[in-house]
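**Q** Sharing query23.cif (mmCIF, C-alpha atoms) below.
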data_my_file
#
loop_
_atom_site.group_PDB
_atom_site.id
_atom_site.type_symbol
_atom_site.label_atom_id
_atom_site.label_comp_id
_atom_site.auth_asym_id
_atom_site.auth_seq_id
_atom_site.Cartn_x
_atom_site.Cartn_y
_atom_site.Cartn_z
ATOM 1 C CA MET A 1 0.000 0.000 0.000
ATOM 2 C CA ALA A 2 1.215 3.461 -0.828
ATOM 3 C CA PHE A 3 2.397 5.731 1.921
ATOM 4 C CA ASP A 4 -0.387 7.958 3.306
ATOM 5 C CA VAL A 5 0.779 11.569 3.509
ATOM 6 C CA GLY A 6 -2.411 12.696 5.252
ATOM 7 C CA GLN A 7 -1.917 10.212 8.050
ATOM 8 C CA TRP A 8 1.707 11.177 8.447
ATOM 9 C CA LEU A 9 0.753 14.833 8.584
ATOM 10 C CA ASN A 10 -1.914 14.228 11.238
ATOM 11 C CA LYS A 11 0.494 12.275 13.371
ATOM 12 C CA ASN A 12 3.250 14.871 13.118
ATOM 13 C CA SER A 13 1.077 17.911 13.612
ATOM 14 C CA GLU A 14 -0.049 16.791 17.040
ATOM 15 C CA GLY A 15 1.177 18.867 19.944
ATOM 16 C CA ASP A 16 2.438 22.406 20.076
ATOM 17 C CA VAL A 17 2.964 23.332 16.423
ATOM 18 C CA LEU A 18 4.552 26.766 15.975
ATOM 19 C CA PHE A 19 4.688 26.619 12.217
ATOM 20 C CA LEU A 20 3.435 24.279 9.561
ATOM 21 C CA PHE A 21 3.928 24.467 5.843
ATOM 22 C CA LYS A 22 2.476 22.004 3.362
ATOM 23 C CA GLY A 23 2.355 22.447 -0.362
ATOM 24 C CA GLU A 24 4.630 23.235 -3.264
ATOM 25 C CA VAL A 25 7.871 24.818 -2.138
ATOM 26 C CA SER A 26 9.132 27.951 -3.819
ATOM 27 C CA ASN A 27 12.346 29.859 -3.324
ATOM 28 C CA SER A 28 10.789 32.950 -1.759
ATOM 29 C CA LEU A 29 8.911 30.767 0.705
ATOM 30 C CA VAL A 30 12.083 30.197 2.714
ATOM 31 C CA ALA A 31 12.481 33.786 3.859
ATOM 32 C CA ASP A 32 8.748 34.410 4.144
ATOM 33 C CA SER A 33 8.333 31.409 6.453
ATOM 34 C CA LEU A 34 11.246 32.582 8.536
ATOM 35 C CA GLU A 35 9.445 35.844 9.205
ATOM 36 C CA LYS A 36 6.495 33.902 10.615
ATOM 37 C CA ILE A 37 8.772 31.774 12.753
ATOM 38 C CA GLU A 38 10.449 34.870 14.133
ATOM 39 C CA GLU A 39 7.094 36.158 15.319
ATOM 40 C CA LYS A 40 6.359 32.851 17.037
ATOM 41 C CA THR A 41 9.721 32.581 18.745
ATOM 42 C CA SER A 42 10.167 36.116 20.067
ATOM 43 C CA GLU A 43 10.277 34.808 23.649
ATOM 44 C CA VAL A 44 12.837 32.074 22.954
ATOM 45 C CA PRO A 45 16.392 32.778 24.225
ATOM 46 C CA SER A 46 18.527 34.226 21.426
ATOM 47 C CA LYS A 47 20.975 31.325 21.375
ATOM 48 C CA VAL A 48 18.255 28.713 20.814
ATOM 49 C CA LYS A 49 16.388 30.981 18.425
ATOM 50 C CA LYS A 50 19.349 31.219 16.079
ATOM 51 C CA LYS A 51 19.756 27.462 16.108
ATOM 52 C CA ILE A 52 16.079 27.084 15.208
ATOM 53 C CA TYR A 53 16.398 29.614 12.351
ATOM 54 C CA ASN A 54 19.519 27.961 11.042
ATOM 55 C CA VAL A 55 18.092 24.460 11.047
ATOM 56 C CA PHE A 56 14.788 25.656 9.638
ATOM 57 C CA VAL A 57 16.352 27.647 6.776
ATOM 58 C CA GLU A 58 18.600 24.752 5.751
ATOM 59 C CA CYS A 59 15.673 22.399 5.928
ATOM 60 C CA MET A 60 13.440 24.575 3.730
ATOM 61 C CA GLN A 61 16.250 25.123 1.265
ATOM 62 C CA ASN A 62 16.859 21.413 0.985
ATOM 63 C CA LEU A 63 13.156 20.899 0.354
ATOM 64 C CA PHE A 64 13.205 23.516 -2.370
ATOM 65 C CA HIS A 65 16.376 22.360 -4.085
ATOM 66 C CA HIS A 66 16.083 18.609 -3.744
ATOM 67 C CA SER A 67 12.417 17.646 -3.782
ATOM 68 C CA SER A 68 11.403 15.580 -6.783
ATOM 69 C CA ILE A 69 8.694 16.995 -8.975
ATOM 70 C CA ILE A 70 5.897 14.529 -8.569
ATOM 71 C CA PRO A 71 2.758 13.927 -10.615
ATOM 72 C CA GLU A 72 -0.626 14.637 -8.999
ATOM 73 C CA PHE A 73 -1.021 12.166 -6.121
ATOM 74 C CA GLY A 74 -4.403 13.613 -5.098
ATOM 75 C CA ASN A 75 -5.359 16.115 -2.373
ATOM 76 C CA GLY A 76 -3.178 18.797 -3.924
ATOM 77 C CA ILE A 77 -0.074 16.663 -3.559
ATOM 78 C CA LYS A 78 1.848 17.495 -6.715
ATOM 79 C CA GLY A 79 4.908 19.272 -8.076
ATOM 80 C CA LYS A 80 7.546 20.034 -5.443
ATOM 81 C CA TYR A 81 5.223 19.080 -2.622
ATOM 82 C CA ALA A 82 6.802 19.209 0.819
ATOM 83 C CA ILE A 83 5.942 19.597 4.466
ATOM 84 C CA CYS A 84 7.894 21.448 7.119
ATOM 85 C CA ILE A 85 6.849 21.667 10.754
ATOM 86 C CA LEU A 86 8.337 23.490 13.728
ATOM 87 C CA LYS A 87 7.158 22.081 17.019
ATOM 88 C CA GLN A 88 7.795 22.800 20.623
ATOM 89 C CA THR A 89 7.821 19.838 22.980
ATOM 90 C CA LYS A 90 8.228 19.791 26.756
ATOM 91 C CA THR A 91 11.970 19.421 26.451
ATOM 92 C CA ASN A 92 13.024 20.821 23.086
ATOM 93 C CA TYR A 93 12.149 22.142 19.635
ATOM 94 C CA GLN A 94 11.761 19.920 16.623
ATOM 95 C CA VAL A 95 12.002 20.658 12.935
ATOM 96 C CA ILE A 96 10.262 17.930 10.956
ATOM 97 C CA SER A 97 10.205 17.772 7.186
ATOM 98 C CA GLY A 98 8.762 15.440 4.599
ATOM 99 C CA ASN A 99 9.195 15.401 0.839
ATOM 100 C CA PHE A 100 9.298 13.120 -2.160
ATOM 101 C CA ILE A 101 12.537 11.947 -3.675
ATOM 102 C CA GLY A 102 13.719 9.413 -6.237
ATOM 103 C CA ASP A 103 15.833 6.325 -5.963
ATOM 104 C CA LYS A 104 19.185 8.019 -6.535
ATOM 105 C CA GLN A 105 18.587 10.649 -3.879
ATOM 106 C CA ARG A 106 17.479 8.023 -1.449
ATOM 107 C CA ASN A 107 20.773 6.207 -1.868
ATOM 108 C CA PHE A 108 22.759 9.423 -1.529
ATOM 109 C CA LEU A 109 20.863 10.504 1.590
ATOM 110 C CA GLU A 110 21.083 7.123 3.222
ATOM 111 C CA LYS A 111 24.873 7.089 2.846
ATOM 112 C CA HIS A 112 25.336 10.741 3.708
ATOM 113 C CA ILE A 113 23.135 10.729 6.836
ATOM 114 C CA THR A 114 24.594 7.456 8.094
ATOM 115 C CA HIS A 115 28.036 9.020 7.737
ATOM 116 C CA ILE A 116 27.007 12.256 9.498
ATOM 117 C CA ASN A 117 25.393 10.339 12.354
ATOM 118 C CA SER A 118 28.537 8.291 12.880
ATOM 119 C CA LEU A 119 30.658 11.390 13.564
ATOM 120 C CA ASP A 120 31.334 13.214 16.810
ATOM 121 C CA SER A 121 31.287 17.009 16.975
ATOM 122 C CA GLY A 122 34.995 17.382 16.152
ATOM 123 C CA GLU A 123 34.689 15.105 13.134
ATOM 124 C CA LEU A 124 31.560 16.952 11.973
ATOM 125 C CA LYS A 125 33.490 20.212 12.105
ATOM 126 C CA GLU A 126 36.215 18.681 9.923
ATOM 127 C CA LEU A 127 33.668 17.332 7.437
ATOM 128 C CA TYR A 128 31.985 20.735 7.255
ATOM 129 C CA LYS A 129 35.273 22.478 6.516
ATOM 130 C CA GLU A 130 36.245 19.848 3.978
ATOM 131 C CA ILE A 131 33.002 20.270 2.025
ATOM 132 C CA LEU A 132 33.183 24.055 2.387
ATOM 133 C CA ASP A 133 36.724 24.381 1.128
ATOM 134 C CA ASN A 134 37.256 21.487 -1.213
ATOM 135 C CA GLN A 135 34.099 20.903 -3.120
ATOM 136 C CA GLU A 136 32.781 23.004 -5.892
ATOM 137 C CA PHE A 137 29.129 23.594 -5.471
ATOM 138 C CA SER A 138 26.537 25.717 -7.073
ATOM 139 C CA ASP A 139 23.801 27.676 -5.397
ATOM 140 C CA LYS A 140 21.544 24.709 -5.930
ATOM 141 C CA GLY A 141 23.237 22.331 -3.608
ATOM 142 C CA GLY A 142 25.881 22.580 -0.977
ATOM 143 C CA GLY A 143 27.218 19.082 -1.540
ATOM 144 C CA GLY A 144 25.336 18.002 1.551
ATOM 145 C CA LEU A 145 26.629 20.896 3.641
ATOM 146 C CA GLY A 146 23.099 21.705 4.813
ATOM 147 C CA LEU A 147 22.643 18.358 6.561
ATOM 148 C CA VAL A 148 26.081 18.577 8.166
ATOM 149 C CA ASP A 149 25.229 22.068 9.378
ATOM 150 C CA MET A 150 21.861 20.955 10.782
ATOM 151 C CA SER A 151 23.539 18.215 12.742
ATOM 152 C CA ARG A 152 26.264 20.568 13.996
ATOM 153 C CA LYS A 153 23.939 23.365 15.020
ATOM 154 C CA SER A 154 21.371 21.123 16.670
ATOM 155 C CA GLY A 155 23.988 18.975 18.332
ATOM 156 C CA SER A 156 21.819 15.941 17.684
ATOM 157 C CA LYS A 157 21.700 12.971 15.360
ATOM 158 C CA LEU A 158 19.478 13.263 12.294
ATOM 159 C CA GLU A 159 16.413 11.029 12.545
ATOM 160 C CA TYR A 160 15.075 9.913 9.195
ATOM 161 C CA LYS A 161 12.947 7.415 7.400
ATOM 162 C CA PHE A 162 12.119 6.509 3.814
ATOM 163 C CA SER A 163 8.714 5.134 2.896
ATOM 164 C CA ASN A 164 7.719 3.658 -0.437
ATOM 165 C CA HIS A 165 5.234 5.701 -2.371
ATOM 166 C CA GLU A 166 3.942 5.165 -5.893
ATOM 167 C CA ASN A 167 5.710 5.437 -9.235
ATOM 168 C CA GLY A 168 9.162 4.818 -7.767
ATOM 169 C CA PHE A 169 9.033 7.785 -5.391
ATOM 170 C CA PHE A 170 9.955 7.680 -1.736
ATOM 171 C CA PHE A 171 8.658 9.853 1.046
ATOM 172 C CA PHE A 172 11.656 11.118 2.990
ATOM 173 C CA GLU A 173 11.040 12.302 6.522
ATOM 174 C CA LEU A 174 13.642 14.070 8.590
ATOM 175 C CA LEU A 175 13.460 15.084 12.230
ATOM 176 C CA ILE A 176 15.944 17.357 13.947
ATOM 177 C CA ASN A 177 15.879 17.863 17.689
ATOM 178 C CA ILE A 178 17.068 21.220 18.938
ATOM 179 C CA ASP A 179 17.650 21.029 22.648
ATOM 180 C CA VAL A 180 17.043 24.049 24.826
ATOM 181 C CA MET B 1 36.985 52.713 -8.272
ATOM 182 C CA GLU B 2 33.430 53.063 -6.981
ATOM 183 C CA PRO B 3 32.467 51.864 -3.490
ATOM 184 C CA ILE B 4 29.742 49.263 -2.963
ATOM 185 C CA THR B 5 26.947 50.211 -0.595
ATOM 186 C CA ILE B 6 24.036 47.834 -0.127
ATOM 187 C CA ALA B 7 21.334 48.317 2.499
ATOM 188 C CA GLY B 8 20.435 45.245 4.520
ATOM 189 C CA THR B 9 17.128 43.383 4.200
ATOM 190 C CA PRO B 10 15.632 40.531 6.266
ATOM 191 C CA LYS B 11 17.378 38.154 3.859
ATOM 192 C CA THR B 12 20.572 39.950 2.922
ATOM 193 C CA PRO B 13 23.326 41.778 4.812
ATOM 194 C CA THR B 14 24.349 45.421 4.803
ATOM 195 C CA VAL B 15 27.448 45.735 2.670
ATOM 196 C CA SER B 16 29.986 48.512 2.513
ATOM 197 C CA PHE B 17 33.153 48.096 0.439
ATOM 198 C CA GLU B 18 35.259 51.232 0.165
ATOM 199 C CA PRO B 19 38.330 51.734 -2.017
ATOM 200 C CA SER B 20 39.972 53.342 1.051
ATOM 201 C CA GLY B 21 40.203 49.824 2.490
ATOM 202 C CA LYS B 22 37.143 49.451 4.683
ATOM 203 C CA VAL B 23 35.215 46.281 3.962
ATOM 204 C CA GLU B 24 32.078 45.483 5.946
ATOM 205 C CA ILE B 25 29.366 42.829 5.847
ATOM 206 C CA LYS B 26 26.729 42.970 8.576
ATOM 207 C CA GLY B 27 23.388 41.377 9.307
ATOM 208 C CA ARG B 28 21.878 38.154 8.103
ATOM 209 C CA SER B 29 22.642 36.293 4.949
ATOM 210 C CA ILE B 30 20.013 33.932 3.609
ATOM 211 C CA PRO B 31 19.622 35.215 0.042
ATOM 212 C CA GLU B 32 17.471 33.288 -2.391
ATOM 213 C CA ASN B 33 20.461 33.242 -4.699
ATOM 214 C CA SER B 34 23.712 33.550 -2.782
ATOM 215 C CA ILE B 35 25.948 33.478 -5.833
ATOM 216 C CA ALA B 36 24.076 36.354 -7.482
ATOM 217 C CA PHE B 37 24.332 38.369 -4.260
ATOM 218 C CA TYR B 38 28.024 37.756 -3.586
ATOM 219 C CA LYS B 39 29.417 37.776 -7.134
ATOM 220 C CA PRO B 40 29.583 41.600 -7.389
ATOM 221 C CA LEU B 41 31.449 41.657 -4.061
ATOM 222 C CA VAL B 42 34.002 39.100 -5.227
ATOM 223 C CA ASP B 43 34.368 40.951 -8.558
ATOM 224 C CA TRP B 44 34.903 44.229 -6.690
ATOM 225 C CA LEU B 45 37.714 42.681 -4.631
ATOM 226 C CA GLU B 46 39.241 41.286 -7.810
ATOM 227 C CA GLU B 47 39.506 44.822 -9.156
ATOM 228 C CA TYR B 48 40.513 46.270 -5.767
ATOM 229 C CA MET B 49 43.433 43.872 -5.490
ATOM 230 C CA GLN B 50 45.110 45.482 -8.514
ATOM 231 C CA ASN B 51 45.663 48.568 -6.394
ATOM 232 C CA PRO B 52 44.669 47.957 -2.767
ATOM 233 C CA ALA B 53 44.811 50.426 0.125
ATOM 234 C CA THR B 54 47.867 50.235 2.409
ATOM 235 C CA LYS B 55 45.661 48.595 4.984
ATOM 236 C CA THR B 56 42.441 46.672 4.358
ATOM 237 C CA GLU B 57 40.225 46.454 7.417
ATOM 238 C CA VAL B 58 37.514 43.846 7.209
ATOM 239 C CA ASN B 59 34.570 43.741 9.615
ATOM 240 C CA ILE B 60 32.207 40.803 9.467
ATOM 241 C CA GLN B 61 29.263 40.897 11.819
ATOM 242 C CA LEU B 62 26.705 38.293 10.861
ATOM 243 C CA GLU B 63 23.634 37.400 12.821
ATOM 244 C CA TYR B 64 23.247 34.166 10.918
ATOM 245 C CA PHE B 65 23.894 32.820 7.445
ATOM 246 C CA ASN B 66 22.886 29.796 5.420
ATOM 247 C CA THR B 67 25.254 27.192 4.016
ATOM 248 C CA SER B 68 25.050 28.508 0.461
ATOM 249 C CA SER B 69 26.233 31.906 1.758
ATOM 250 C CA SER B 70 29.018 30.206 3.694
ATOM 251 C CA LYS B 71 30.715 29.158 0.449
ATOM 252 C CA CYS B 72 30.335 32.667 -0.991
ATOM 253 C CA ILE B 73 31.769 34.228 2.165
ATOM 254 C CA LEU B 74 34.736 31.893 1.789
ATOM 255 C CA ASP B 75 35.191 33.216 -1.772
ATOM 256 C CA VAL B 76 35.308 36.761 -0.350
ATOM 257 C CA PHE B 77 37.929 35.657 2.187
ATOM 258 C CA LYS B 78 39.982 33.930 -0.520
ATOM 259 C CA LYS B 79 40.211 37.200 -2.447
ATOM 260 C CA LEU B 80 41.296 38.969 0.737
ATOM 261 C CA GLU B 81 43.853 36.243 1.320
ATOM 262 C CA ALA B 82 45.290 36.854 -2.143
ATOM 263 C CA ILE B 83 45.609 40.562 -1.304
ATOM 264 C CA TYR B 84 47.357 39.644 1.952
ATOM 265 C CA LYS B 85 49.671 37.162 0.257
ATOM 266 C CA SER B 86 50.860 39.740 -2.223
ATOM 267 C CA GLY B 87 52.318 41.707 0.662
ATOM 268 C CA ASN B 88 49.476 43.997 1.742
ATOM 269 C CA ASP B 89 48.162 44.575 5.220
ATOM 270 C CA VAL B 90 44.790 42.865 5.726
ATOM 271 C CA ALA B 91 43.047 42.361 9.083
ATOM 272 C CA ILE B 92 39.753 40.583 9.601
ATOM 273 C CA SER B 93 37.542 41.224 12.622
ATOM 274 C CA TRP B 94 34.860 38.599 13.109
ATOM 275 C CA TYR B 95 32.129 39.807 15.458
ATOM 276 C CA TYR B 96 29.792 37.467 17.286
ATOM 277 C CA GLU B 97 27.129 38.064 19.887
ATOM 278 C CA GLU B 98 27.786 37.107 23.455
ATOM 279 C CA ASP B 99 26.861 33.430 23.967
ATOM 280 C CA ASP B 100 26.630 32.760 20.246
ATOM 281 C CA GLU B 101 29.070 29.882 20.188
ATOM 282 C CA ASP B 102 27.914 28.813 16.753
ATOM 283 C CA MET B 103 28.932 32.141 15.228
ATOM 284 C CA LEU B 104 32.252 32.075 17.079
ATOM 285 C CA GLU B 105 32.843 28.579 15.772
ATOM 286 C CA ALA B 106 31.907 29.641 12.237
ATOM 287 C CA GLY B 107 34.572 32.342 12.485
ATOM 288 C CA GLU B 108 37.100 29.813 13.727
ATOM 289 C CA ASP B 109 36.276 27.545 10.791
ATOM 290 C CA TYR B 110 37.176 30.343 8.382
ATOM 291 C CA GLN B 111 40.207 31.267 10.433
ATOM 292 C CA SER B 112 41.595 27.774 10.050
ATOM 293 C CA ILE B 113 41.074 27.800 6.264
ATOM 294 C CA ILE B 114 42.209 31.346 5.495
ATOM 295 C CA LYS B 115 45.718 32.417 6.296
ATOM 296 C CA ILE B 116 45.074 36.039 7.307
ATOM 297 C CA PRO B 117 45.222 37.580 10.802
ATOM 298 C CA PHE B 118 41.752 37.032 12.281
ATOM 299 C CA LYS B 119 40.395 38.684 15.378
ATOM 300 C CA MET B 120 37.344 37.311 17.203
ATOM 301 C CA ILE B 121 35.358 40.052 18.888
ATOM 302 C CA GLU B 122 32.488 39.385 21.255
ATOM 303 C CA ILE B 123 29.705 41.960 21.281
ATOM 304 C CA GLU B 124 27.111 42.373 23.959
ATOM 305 C CA GLU B 125 23.538 41.745 22.921
#
Please, can you express the file's structure as structure tokens?

**A**
Amino acid sequence: MAFDVGQWLNKNSEGDVLFLFKGEVSNSLVADSLEKIEEKTSEVPSKVKKKIYNVFVECMQNLFHHSSIIPEFGNGIKGKYAICILKQTKTNYQVISGNFIGDKQRNFLEKHITHINSLDSGELKELYKEILDNQEFSDKGGGGLGLVDMSRKSGSKLEYKFSNHENGFFFFELLINIDV
Amino acid sequence: MEPITIAGTPKTPTVSFEPSGKVEIKGRSIPENSIAFYKPLVDWLEEYMQNPATKTEVNIQLEYFNTSSSKCILDVFKKLEAIYKSGNDVAISWYYEEDDEDMLEAGEDYQSIIKIPFKMIEIEE
């Protein structure tokens, strides 16, 4: 059975949701969403706030640059459809995203995230600098720098899952915990 | 040579590049297209390095920046490094807000890549 986006969305939008985006991602959406998040987090200590903004911006940019363009799956799920949620829990903040990707990206992400999660903070710093200085990358993609940065800034492991959808697409969910 | 003066926006930093040797980038940097934003700055430095001021003072005071800007900022630093390596005086001051360890660390990352005197300056919120 194909993965049910609606169910996933219901499950993940439980609790104290500060921001939720679902729909086709556009480039200008990144900054516009950030404005909304800033309003919602005005009381959050500056140090945590910046971490939230950083993780959120990288997350939205990844969604924009790397989401597959999907055919109409029903319920307005089409094009560069993606979901991004900012939640506050009792103990931390969470940025949760979901988007559709193809087979190749799944393989890349699986390898890349497994590698990132295996590193300690010193090793992550080295990887970040290596990608920053040694790899050519365009504005489209940072050679995976965004995920490294999210892990560094949040100080937590990246939680992720791939679910089979239709037509060879996978639903990729990513959860980043930002501790207070 | 004309100076560059760009007013900051919620997505892009305030920029001031003066032929007299004052180079400043302040604010936040999450442009929709980082390369398009930073290219004129890198091009300006390319021209400036033909005939730089005796001393180039660089002030970077970023609130936060995205990873696509981080590469562009490195390109700016690489131009400054070239100016330094050809025997000119270049000093970089990297400002970070009190308690913002991430921004301090970001400065240290650049410091370890770029061989120019780097000063870390903490500012009170």

**Q** Name all residues at most 10 Å from segment 68-81 of chain B (count all atoms listed in the file; drop same-chain ones fewer than 5 positions away) and give them as a PyMOL selection string.

**A** (chain A and resi 58+61+131-133+135-143+145-146) or (chain B and resi 12+25+28-39+41-46+48-49+56+58+60+86+88-92+106+110-111+113-117)

**Q** Using the chain letters and numbers from this file, what does the PyMOL selection byres ((chain B and resi 100) around 10) select? Give the answer as a VMD selection string.

**A** (chain A and resid 46 to 48 50 to 51) or (chain B and resid 63 96 to 99 101 to 105 122 to 123 125)

**Q** Atom CA of Glu124 of chain B and atom CA of Pro45 of chain A are how many Å apart?

**A**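 Pair atom CA of Glu124 of chain B / atom CA of Pro45 of chain A returns 14.4 Å.
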
**Q** Could you please determine the separation between atom CA of Gly87 of chain B and atom CA of Gln50 of chain B in Å, to one decimal place?

**A**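 A separation of 12.3 Å between them.
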
**Q** Quick one: distance from atom CA of Val5 of chain A to atom CA of Leu18 of chain A in Å, one decimal?

**A**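 Atom-to-atom, atom CA of Val5 of chain A to atom CA of Leu18 of chain A, that is 20.0 Å.
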
**Q** Spell out the residues picked by the PyMOL selection byres ((chain A and resi 76-82) around 10) here, as a tab-separated table (two decimals) with C-alpha atoms, in the frame of the given file.

**A**
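Result saved to out.tsv:
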chain	number	residue	atom	x	y	z
A	5	VAL	CA	0.78	11.57	3.51
A	6	GLY	CA	-2.41	12.70	5.25
A	21	PHE	CA	3.93	24.47	5.84
A	22	LYS	CA	2.48	22.00	3.36
A	23	GLY	CA	2.36	22.45	-0.36
A	24	GLU	CA	4.63	23.24	-3.26
A	25	VAL	CA	7.87	24.82	-2.14
A	26	SER	CA	9.13	27.95	-3.82
A	60	MET	CA	13.44	24.58	3.73
A	63	LEU	CA	13.16	20.90	0.35
A	64	PHE	CA	13.20	23.52	-2.37
A	65	HIS	CA	16.38	22.36	-4.08
A	66	HIS	CA	16.08	18.61	-3.74
A	67	SER	CA	12.42	17.65	-3.78
A	68	SER	CA	11.40	15.58	-6.78
A	69	ILE	CA	8.69	17.00	-8.98
A	70	ILE	CA	5.90	14.53	-8.57
A	71	PRO	CA	2.76	13.93	-10.62
A	72	GLU	CA	-0.63	14.64	-9.00
A	73	PHE	CA	-1.02	12.17	-6.12
A	74	GLY	CA	-4.40	13.61	-5.10
A	75	ASN	CA	-5.36	16.11	-2.37
A	83	ILE	CA	5.94	19.60	4.47
A	84	CYS	CA	7.89	21.45	7.12
A	97	SER	CA	10.20	17.77	7.19
A	98	GLY	CA	8.76	15.44	4.60
A	99	ASN	CA	9.20	15.40	0.84
A	100	PHE	CA	9.30	13.12	-2.16
A	101	ILE	CA	12.54	11.95	-3.68
A	171	PHE	CA	8.66	9.85	1.05
A	172	PHE	CA	11.66	11.12	2.99
A	173	GLU	CA	11.04	12.30	6.52

**Q** Enclose all atoms of segment 81-97 of chain B listed in the file in an axis-aligned box, grow every side by 6 Å, and hand back centre and edge lengths in Å to one decimal, as JSON.

**A**
{"center_x": 39.7, "center_y": 40.4, "center_z": 8.8, "size_x": 37.2, "size_y": 20.3, "size_z": 34.1}

**Q** Neighbours of segment 52-56 of chain A within 8 Å (only C-alpha atoms; same-chain residues fewer than 6 positions away dropped), as a count of residues only?

**A** 14

**Q** Taking into account all atoms listed in the file, which residue in the set A:His115, A:Lys36, A:Lys129, A:Lys87 is nearest to chain B?

**A**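 For chain B, the nearest of the candidates is A:Lys129.
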
**Q** Measuring between only C-alpha atoms, which one of A:Gln7, A:Ser33, A:Thr91, A:Ser42 shows the shortest distance to Lys11 of chain B?

**A**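 Ranking A:Gln7, A:Ser33, A:Thr91, A:Ser42 by distance to Lys11 of chain B, first place goes to A:Ser33.
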
**Q** Going by the chain IDs and residue numbers used in this file, which residues fall under the PyMOL selection byres ((chain A and resi 106-110) around 10)? Write them as a PyMOL selection string.

**A** chain A and resi 100-105+111-115+144+147+160-162+169-172

**Q** Hey, could you patch up segment 24-41 of chain B with N, CA and C atoms and hand it over as a PDB file, in the frame of the given file?

**A**
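Below you can see rebuild.pdb, which holds the result:
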ATOM      1  N   GLU B  24      33.003  45.912   4.888  1.00  0.00           N
ATOM      2  CA  GLU B  24      32.078  45.483   5.946  1.00  0.00           C
ATOM      3  C   GLU B  24      30.907  44.681   5.421  1.00  0.00           C
ATOM      4  N   ILE B  25      30.577  43.603   6.136  1.00  0.00           N
ATOM      5  CA  ILE B  25      29.366  42.829   5.847  1.00  0.00           C
ATOM      6  C   ILE B  25      28.671  42.605   7.182  1.00  0.00           C
ATOM      7  N   LYS B  26      27.430  43.049   7.292  1.00  0.00           N
ATOM      8  CA  LYS B  26      26.729  42.970   8.576  1.00  0.00           C
ATOM      9  C   LYS B  26      25.292  42.537   8.406  1.00  0.00           C
ATOM     10  N   GLY B  27      24.813  41.726   9.324  1.00  0.00           N
ATOM     11  CA  GLY B  27      23.388  41.377   9.307  1.00  0.00           C
ATOM     12  C   GLY B  27      23.182  39.898   9.080  1.00  0.00           C
ATOM     13  N   ARG B  28      22.127  39.563   8.360  1.00  0.00           N
ATOM     14  CA  ARG B  28      21.878  38.154   8.103  1.00  0.00           C
ATOM     15  C   ARG B  28      22.017  37.855   6.623  1.00  0.00           C
ATOM     16  N   SER B  29      22.424  36.639   6.342  1.00  0.00           N
ATOM     17  CA  SER B  29      22.642  36.293   4.949  1.00  0.00           C
ATOM     18  C   SER B  29      21.959  34.978   4.596  1.00  0.00           C
ATOM     19  N   ILE B  30      20.723  35.116   4.118  1.00  0.00           N
ATOM     20  CA  ILE B  30      20.013  33.932   3.609  1.00  0.00           C
ATOM     21  C   ILE B  30      19.380  34.286   2.258  1.00  0.00           C
ATOM     22  N   PRO B  31      20.208  34.789   1.325  1.00  0.00           N
ATOM     23  CA  PRO B  31      19.622  35.215   0.042  1.00  0.00           C
ATOM     24  C   PRO B  31      19.017  34.035  -0.711  1.00  0.00           C
ATOM     25  N   GLU B  32      18.050  34.352  -1.567  1.00  0.00           N
ATOM     26  CA  GLU B  32      17.471  33.288  -2.391  1.00  0.00           C
ATOM     27  C   GLU B  32      18.519  32.766  -3.366  1.00  0.00           C
ATOM     28  N   ASN B  33      19.386  33.660  -3.811  1.00  0.00           N
ATOM     29  CA  ASN B  33      20.461  33.242  -4.699  1.00  0.00           C
ATOM     30  C   ASN B  33      21.776  33.842  -4.196  1.00  0.00           C
ATOM     31  N   SER B  34      22.494  33.045  -3.424  1.00  0.00           N
ATOM     32  CA  SER B  34      23.712  33.550  -2.782  1.00  0.00           C
ATOM     33  C   SER B  34      24.764  33.967  -3.795  1.00  0.00           C
ATOM     34  N   ILE B  35      24.906  33.172  -4.849  1.00  0.00           N
ATOM     35  CA  ILE B  35      25.948  33.478  -5.833  1.00  0.00           C
ATOM     36  C   ILE B  35      25.678  34.830  -6.490  1.00  0.00           C
ATOM     37  N   ALA B  36      24.426  35.080  -6.842  1.00  0.00           N
ATOM     38  CA  ALA B  36      24.076  36.354  -7.482  1.00  0.00           C
ATOM     39  C   ALA B  36      24.343  37.514  -6.527  1.00  0.00           C
ATOM     40  N   PHE B  37      24.106  37.297  -5.226  1.00  0.00           N
ATOM     41  CA  PHE B  37      24.332  38.369  -4.260  1.00  0.00           C
ATOM     42  C   PHE B  37      25.816  38.637  -4.056  1.00  0.00           C
ATOM     43  N   TYR B  38      26.610  37.579  -3.940  1.00  0.00           N
ATOM     44  CA  TYR B  38      28.024  37.756  -3.586  1.00  0.00           C
ATOM     45  C   TYR B  38      28.960  37.997  -4.770  1.00  0.00           C
ATOM     46  N   LYS B  39      28.515  37.645  -5.985  1.00  0.00           N
ATOM     47  CA  LYS B  39      29.417  37.776  -7.134  1.00  0.00           C
ATOM     48  C   LYS B  39      29.945  39.211  -7.309  1.00  0.00           C
ATOM     49  N   PRO B  40      29.062  40.222  -7.229  1.00  0.00           N
ATOM     50  CA  PRO B  40      29.583  41.600  -7.389  1.00  0.00           C
ATOM     51  C   PRO B  40      30.620  41.956  -6.324  1.00  0.00           C
ATOM     52  N   LEU B  41      30.499  41.366  -5.136  1.00  0.00           N
ATOM     53  CA  LEU B  41      31.449  41.657  -4.061  1.00  0.00           C
ATOM     54  C   LEU B  41      32.815  41.029  -4.374  1.00  0.00           C
TER      55      LEU B  41
END
